[in-house]
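Just below is one structure, and these are the notes that go with it.
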Amino acid sequence: MIRRLPIAVLLTAALLAATAAGAASPARVVVQDPYLEFRSGPGRGYPVFHVVDRGQSVELMRRRTDWIKVRGDGGEEGWVNRSQLERTLTPEGELVAVPGPAPESRTAHRWEAGLATGDLDGANVVAAQAAWAMTPTLLARGDVSQLLGDYSDGWLVTAGIAHVFMPQWRVSPFIGIGGGVLRIEPKATLVKAEDRTDETAYAGAGLRGYLTNRFLLQAEYRSYVVFTERDDNEEIDEWTVAFTYFF
Amino acid sequence: MDRRLHVLLLTGVALAGDAAAAAAAQEAAAAATETPQVVEPQVKRREIERPAIDTENFEAGAFLGTLSIEDFGASFVYGATIAYHFTEDLFAEATIGTAKAGRTSYEDLSGSVDLLTDDGRQFTHYDLSLGWNALPGEAFFGGKRAMPSALYFTLGAGSTRFADDDFFTVALGAGYRLLVNDWLAVRLDARDLIFDSDLLGDSKVTQNLQFTFGLTAFF
């Protein structure tokens, strides 16, 4: 029953999404680019079927990624790329810009979210990561990892900080430290193995490279010290690769 | 008395400084253009507004279909997905699905043998995937309706809970998304959930194919 709970939550979210999708607040702008190209779909490959000239007004209806659905004065509806709406005016003459990613966002972004996979001491890792950029070089970050090994499974939850040396470089090294909780659940086939939860701390280093103005690829090594209840602390290594979106 | 003297002196020094600076500035201005600038231009930075548009980059929904669990027959599967579209080409997606495994042919033939408990037959899978809208296009329904569509591929990693054990799972998928209107999509998905299993003795790579029909909403 508990296992089905996440599904129920997701289904509810989907239903809420469906009901929320109807509401949209239109905004009217005056075109300043020489012309706006109306495409039949939200993508660069869809055909242009209508053009609106400078000085005419359009209503902004909804946005999906870099495409904005607009309605012309004659009632034509089409998808326009954000780049053509960077210079528009309100009917009162105020400047309007539809924001999008720019090279500046590489160093000026606030949030990062990523999916990671890798290896922790022989176990496979599946992780979700998030980070908040306090400054372009200093990140507060956390991640939740599921560990899937041959002899034991587990979970690892950590929080920490990272320092990015050269965020303006295309590829930059970074270092990080943090701590968290490691839960190990040995497989049932092992005799007398008990689940255990230990605190852990890590120090690590890695490389991150910008793929575009919104994506990063990160490779990271972390050395964990697990504070076990036994006499000796345990030291384990983790290698991960993460695909990260920043905004 | 002292203080007043100070104030006077300071004022005098400040005025002298100002006058000298002004004279220097005037000289420079006069040197640059014949007519010195009389009126200070008042440059006011114009505010750039951001229009209130509904941004719909999330896509969430539910699916149902059939999952073929290797050695355990094909079962009804259902689940939910939530995706975030980064660009027109790329998206990330989290998927969770569950099915109840059937019986192996060995269990059926031998009669009374049960390899797994009833709870152990519950097959629950989740994964985090990256998707690529490889072939976007338009589909035509009759002569008047054109609907955006896309053939996409996904690759991800996750976990499968089966037989009271967790397995690291690689998920490969291909699918077709058809937008019925601006926010509602119909999806057909084919996915292969690949994991190493030693349930029947030797460890082997199992391929668990899943075909589903789904409805999703953009929000």
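To be explicit about the labels: the chains of the structure tokens are called A, B, and onward in the order shown, and within each one the residues are counted from 1, while ligands get numbers from 1 in the order they are shown.
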
Which residues, written as a count of residues only, have at least one atom at most 10 Å from A:Arg44, with only C-alpha atoms counted and residues fewer than 2 positions away on the same chain left out? 14

Listing only residues of chain B within 7 Å of chain A, what is the closest atom pair and its distance in Å (to one decimal) for each, using only C-alpha atoms, sorted by chain and residue number ascending, as JSON lines?
{"residue": "B:Glu47", "atom": "CA", "partner": "A:Leu95", "partner_atom": "CA", "distance": 6.9}
{"residue": "B:Ile48", "atom": "CA", "partner": "A:Leu95", "partner_atom": "CA", "distance": 5.0}
{"residue": "B:Glu49", "atom": "CA", "partner": "A:Val96", "partner_atom": "CA", "distance": 4.6}
{"residue": "B:Arg50", "atom": "CA", "partner": "A:Ala97", "partner_atom": "CA", "distance": 5.6}
{"residue": "B:Pro51", "atom": "CA", "partner": "A:Ala27", "partner_atom": "CA", "distance": 6.2}
{"residue": "B:Ala52", "atom": "CA", "partner": "A:Ala27", "partner_atom": "CA", "distance": 6.5}
{"residue": "B:Ile53", "atom": "CA", "partner": "A:Arg62", "partner_atom": "CA", "distance": 5.4}
{"residue": "B:Asp54", "atom": "CA", "partner": "A:Arg62", "partner_atom": "CA", "distance": 4.9}
{"residue": "B:Thr55", "atom": "CA", "partner": "A:Arg63", "partner_atom": "CA", "distance": 4.5}
{"residue": "B:Glu56", "atom": "CA", "partner": "A:Arg64", "partner_atom": "CA", "distance": 5.1}
{"residue": "B:Asn57", "atom": "CA", "partner": "A:Arg64", "partner_atom": "CA", "distance": 5.5}
{"residue": "B:Ala60", "atom": "CA", "partner": "A:Ala14", "partner_atom": "CA", "distance": 5.0}
{"residue": "B:Gly61", "atom": "CA", "partner": "A:Ala14", "partner_atom": "CA", "distance": 4.9}
{"residue": "B:Ala62", "atom": "CA", "partner": "A:Leu11", "partner_atom": "CA", "distance": 6.3}
{"residue": "B:Gly79", "atom": "CA", "partner": "A:Ile7", "partner_atom": "CA", "distance": 6.2}
{"residue": "B:Ala80", "atom": "CA", "partner": "A:Leu10", "partner_atom": "CA", "distance": 6.0}
{"residue": "B:His85", "atom": "CA", "partner": "A:Thr65", "partner_atom": "CA", "distance": 6.6}
{"residue": "B:Phe86", "atom": "CA", "partner": "A:Thr65", "partner_atom": "CA", "distance": 6.1}
{"residue": "B:Thr87", "atom": "CA", "partner": "A:Thr65", "partner_atom": "CA", "distance": 5.1}
{"residue": "B:Glu88", "atom": "CA", "partner": "A:Gly43", "partner_atom": "CA", "distance": 6.1}
{"residue": "B:Ile96", "atom": "CA", "partner": "A:Ile7", "partner_atom": "CA", "distance": 6.7}
{"residue": "B:Pro148", "atom": "CA", "partner": "A:Gly41", "partner_atom": "CA", "distance": 6.0}
{"residue": "B:Ala157", "atom": "CA", "partner": "A:Val126", "partner_atom": "CA", "distance": 6.5}
{"residue": "B:Gly158", "atom": "CA", "partner": "A:Val126", "partner_atom": "CA", "distance": 6.0}
{"residue": "B:Asp166", "atom": "CA", "partner": "A:Leu148", "partner_atom": "CA", "distance": 6.7}
{"residue": "B:Phe167", "atom": "CA", "partner": "A:Leu148", "partner_atom": "CA", "distance": 6.2}
{"residue": "B:Phe168", "atom": "CA", "partner": "A:Leu148", "partner_atom": "CA", "distance": 5.5}
{"residue": "B:Trp183", "atom": "CA", "partner": "A:Ala21", "partner_atom": "CA", "distance": 6.6}
{"residue": "B:Ala217", "atom": "CA", "partner": "A:Ala18", "partner_atom": "CA", "distance": 5.4}
{"residue": "B:Phe218", "atom": "CA", "partner": "A:Ala21", "partner_atom": "CA", "distance": 6.7}
{"residue": "B:Phe219", "atom": "CA", "partner": "A:Ala21", "partner_atom": "CA", "distance": 5.2}

Could you write out the selected residues, including N, CA and C atoms, as a short mmCIF file (atom, residue, chain, number, x, y, z; two decimals), in the first residue's frame?
data_model
loop_
_atom_site.label_atom_id
_atom_site.label_comp_id
_atom_site.auth_asym_id
_atom_site.auth_seq_id
_atom_site.Cartn_x
_atom_site.Cartn_y
_atom_site.Cartn_z
N GLU B 47 12.17 51.05 -17.55
CA GLU B 47 11.90 49.74 -16.96
C GLU B 47 11.49 48.77 -18.08
N ILE B 48 12.03 47.57 -18.00
CA ILE B 48 11.60 46.55 -18.96
C ILE B 48 10.61 45.63 -18.26
N GLU B 49 9.46 45.56 -18.84
CA GLU B 49 8.42 44.72 -18.22
C GLU B 49 8.54 43.29 -18.70
N ARG B 50 8.08 42.41 -17.85
CA ARG B 50 8.00 41.02 -18.25
C ARG B 50 6.53 40.64 -18.32
N PRO B 51 6.07 40.28 -19.49
CA PRO B 51 4.65 40.01 -19.62
C PRO B 51 4.24 38.78 -18.82
N ALA B 52 3.02 38.81 -18.32
CA ALA B 52 2.51 37.68 -17.56
C ALA B 52 1.98 36.63 -18.52
N ILE B 53 2.87 35.73 -18.94
CA ILE B 53 2.41 34.64 -19.80
C ILE B 53 2.48 33.36 -19.00
N ASP B 54 1.56 32.50 -19.30
CA ASP B 54 1.53 31.19 -18.67
C ASP B 54 2.62 30.33 -19.30
N THR B 55 3.67 30.03 -18.53
CA THR B 55 4.74 29.19 -19.06
C THR B 55 4.42 27.73 -18.78
N GLU B 56 4.39 26.96 -19.82
CA GLU B 56 3.97 25.56 -19.67
C GLU B 56 5.09 24.63 -20.08
N ASN B 57 6.05 24.45 -19.19
CA ASN B 57 7.16 23.56 -19.52
C ASN B 57 7.05 22.22 -18.83
N ALA B 60 2.71 16.41 -17.18
CA ALA B 60 2.47 15.34 -16.21
C ALA B 60 1.27 14.54 -16.64
N GLY B 61 1.27 13.27 -16.28
CA GLY B 61 0.14 12.45 -16.66
C GLY B 61 0.26 11.03 -16.17
N ALA B 62 -0.66 10.22 -16.65
CA ALA B 62 -0.72 8.83 -16.22
C ALA B 62 -0.73 7.93 -17.44
N GLY B 79 0.93 3.67 -14.19
CA GLY B 79 1.88 4.54 -13.50
C GLY B 79 1.68 5.98 -13.88
N ALA B 80 2.66 6.78 -13.52
CA ALA B 80 2.57 8.23 -13.73
C ALA B 80 3.91 8.77 -14.17
N HIS B 85 10.28 20.25 -19.80
CA HIS B 85 10.85 20.50 -21.12
C HIS B 85 11.80 21.69 -21.04
N PHE B 86 13.09 21.40 -21.27
CA PHE B 86 14.11 22.45 -21.21
C PHE B 86 14.05 23.29 -22.48
N THR B 87 14.07 22.62 -23.59
CA THR B 87 14.02 23.28 -24.89
C THR B 87 13.05 22.49 -25.75
N GLU B 88 12.89 22.92 -26.99
CA GLU B 88 12.00 22.16 -27.87
C GLU B 88 12.56 20.76 -28.15
N ILE B 96 7.18 6.53 -12.78
CA ILE B 96 6.99 5.46 -11.81
C ILE B 96 5.85 4.59 -12.31
N PRO B 148 0.53 19.15 -33.47
CA PRO B 148 1.97 18.93 -33.30
C PRO B 148 2.23 17.54 -32.71
N ALA B 157 18.14 6.11 -15.82
CA ALA B 157 18.52 5.11 -14.84
C ALA B 157 17.56 5.21 -13.67
N GLY B 158 17.36 4.09 -13.01
CA GLY B 158 16.45 4.08 -11.88
C GLY B 158 16.55 2.78 -11.12
N ASP B 166 15.89 -4.81 -4.64
CA ASP B 166 15.98 -3.63 -5.51
C ASP B 166 17.05 -3.87 -6.56
N PHE B 167 16.77 -3.49 -7.79
CA PHE B 167 17.71 -3.69 -8.88
C PHE B 167 17.98 -2.36 -9.57
N PHE B 168 19.26 -2.09 -9.81
CA PHE B 168 19.63 -0.91 -10.60
C PHE B 168 19.16 -1.15 -12.03
N TRP B 183 -2.67 21.93 -24.62
CA TRP B 183 -2.10 21.44 -23.38
C TRP B 183 -2.30 19.94 -23.13
N ALA B 217 -0.77 16.27 -19.46
CA ALA B 217 -1.17 17.68 -19.57
C ALA B 217 0.06 18.55 -19.41
N PHE B 218 0.15 19.59 -20.21
CA PHE B 218 1.23 20.58 -20.06
C PHE B 218 0.75 21.68 -19.11
N PHE B 219 1.61 22.08 -18.21
CA PHE B 219 1.23 23.16 -17.29
C PHE B 219 2.45 23.95 -16.87
#

Please provide the set of residues having any atom within 8 Å of B:Ser197, restricted to only C-alpha atoms, with same-chain residues fewer than 4 positions apart removed, written as a list of chain:residue names. B:Phe167, B:Ser203, B:Lys204, B:Val205, B:Thr206

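One finds atom CA of B:Asn133 at 26.7 Å from atom CA of A:Glu104.
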
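DSSP on the backbone gives alpha helix (DSSP H) for these parts of stretch 61-213 of chain A: Ser105, Arg106, Thr107 and Ala108 of chain A.
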
Skip A:Ala159 itself and residues of its chain fewer than 4 positions away, then list as a list in words all residues within 7 Å of it, counting only C-alpha atoms.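 Residues meeting the cut-off are Arg141, Gly142, Asp143, Gly178, Gly179 and Gly180 of chain A.
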
Restricting it to C-alpha atoms, dump the selection as a short mmCIF file (atom, residue, chain, number, x, y, z; two decimals), in the first residue's frame.
data_model
loop_
_atom_site.label_atom_id
_atom_site.label_comp_id
_atom_site.auth_asym_id
_atom_site.auth_seq_id
_atom_site.Cartn_x
_atom_site.Cartn_y
_atom_site.Cartn_z
CA ARG A 141 23.81 21.99 -2.69
CA GLY A 142 22.10 18.81 -1.69
CA ASP A 143 21.37 15.46 -3.22
CA GLY A 178 29.47 18.22 2.98
CA GLY A 179 27.82 15.74 5.21
CA GLY A 180 24.78 13.57 5.38
#

For the strand (DSSP E) assignment from backbone DSSP, which residues of stretch 30-118 of chain A qualify? Please present them as a ChimeraX atom specification. /A:30-31,35-39,48-53,57-64,67-72,77-81,88-89,95-96,111-118

What does the distance from atom CA of A:Met134 to atom CA of A:Ile175 come to in Å, to one decimal? 15.3 Å

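Taking atom CA of B:Phe153 as the reference point, atom CA of B:Phe140 is found at 22.2 Å.
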
Counting only C-alpha atoms, which of A:Tyr35, A:Tyr210, A:Tyr221, A:Trp239 gets nearest to A:Pro167? A:Tyr210

Tell me which protein, DNA and RNA residues are within 10 Å of B:Phe91, counting only C-alpha atoms, leaving out same-chain ones fewer than 5 positions away, and put them as a list of chain:residue names.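 Counting only the stated atoms, we get B:Asn57, B:Phe58, B:Glu59, B:Ala83, B:Tyr84, B:His85, B:Phe86, B:Ser129, B:Leu130, B:Gly131, B:Trp132, B:Asn133, B:Tyr152, B:Thr154.
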
Set the distance at 9 Å and use only C-alpha atoms: which residues neighbour A:His109 once local chain neighbours fewer than 4 positions away are removed? I'd like the list as a list in words. Glu104, Ser105, Trp132, Ala133, Pro136, Phe246 and Phe247 of chain A

Would you mind exporting the chosen residues as a PDB file, in the first residue's frame, restricted to C-alpha atoms?
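Contents of the output file again-v7.pdb:
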ATOM      1  CA  GLU A 104      25.335  35.780 -18.752  1.00  0.00           C
ATOM      2  CA  SER A 105      23.150  33.129 -17.173  1.00  0.00           C
ATOM      3  CA  TRP A 132      21.553  27.231  -4.992  1.00  0.00           C
ATOM      4  CA  ALA A 133      24.197  29.649  -6.226  1.00  0.00           C
ATOM      5  CA  PRO A 136      28.752  32.631  -9.006  1.00  0.00           C
ATOM      6  CA  PHE A 246      20.460  25.885 -14.452  1.00  0.00           C
ATOM      7  CA  PHE A 247      18.044  28.782 -14.299  1.00  0.00           C
TER       8      PHE A 247
END

Which residues are close to A:Leu211, i.e. within 12 Å by only C-alpha atoms, leaving aside same-chain residues fewer than 6 positions away? Reply as a PyMOL selection string. chain A and resi 103+106+169-171+217-218+243-246
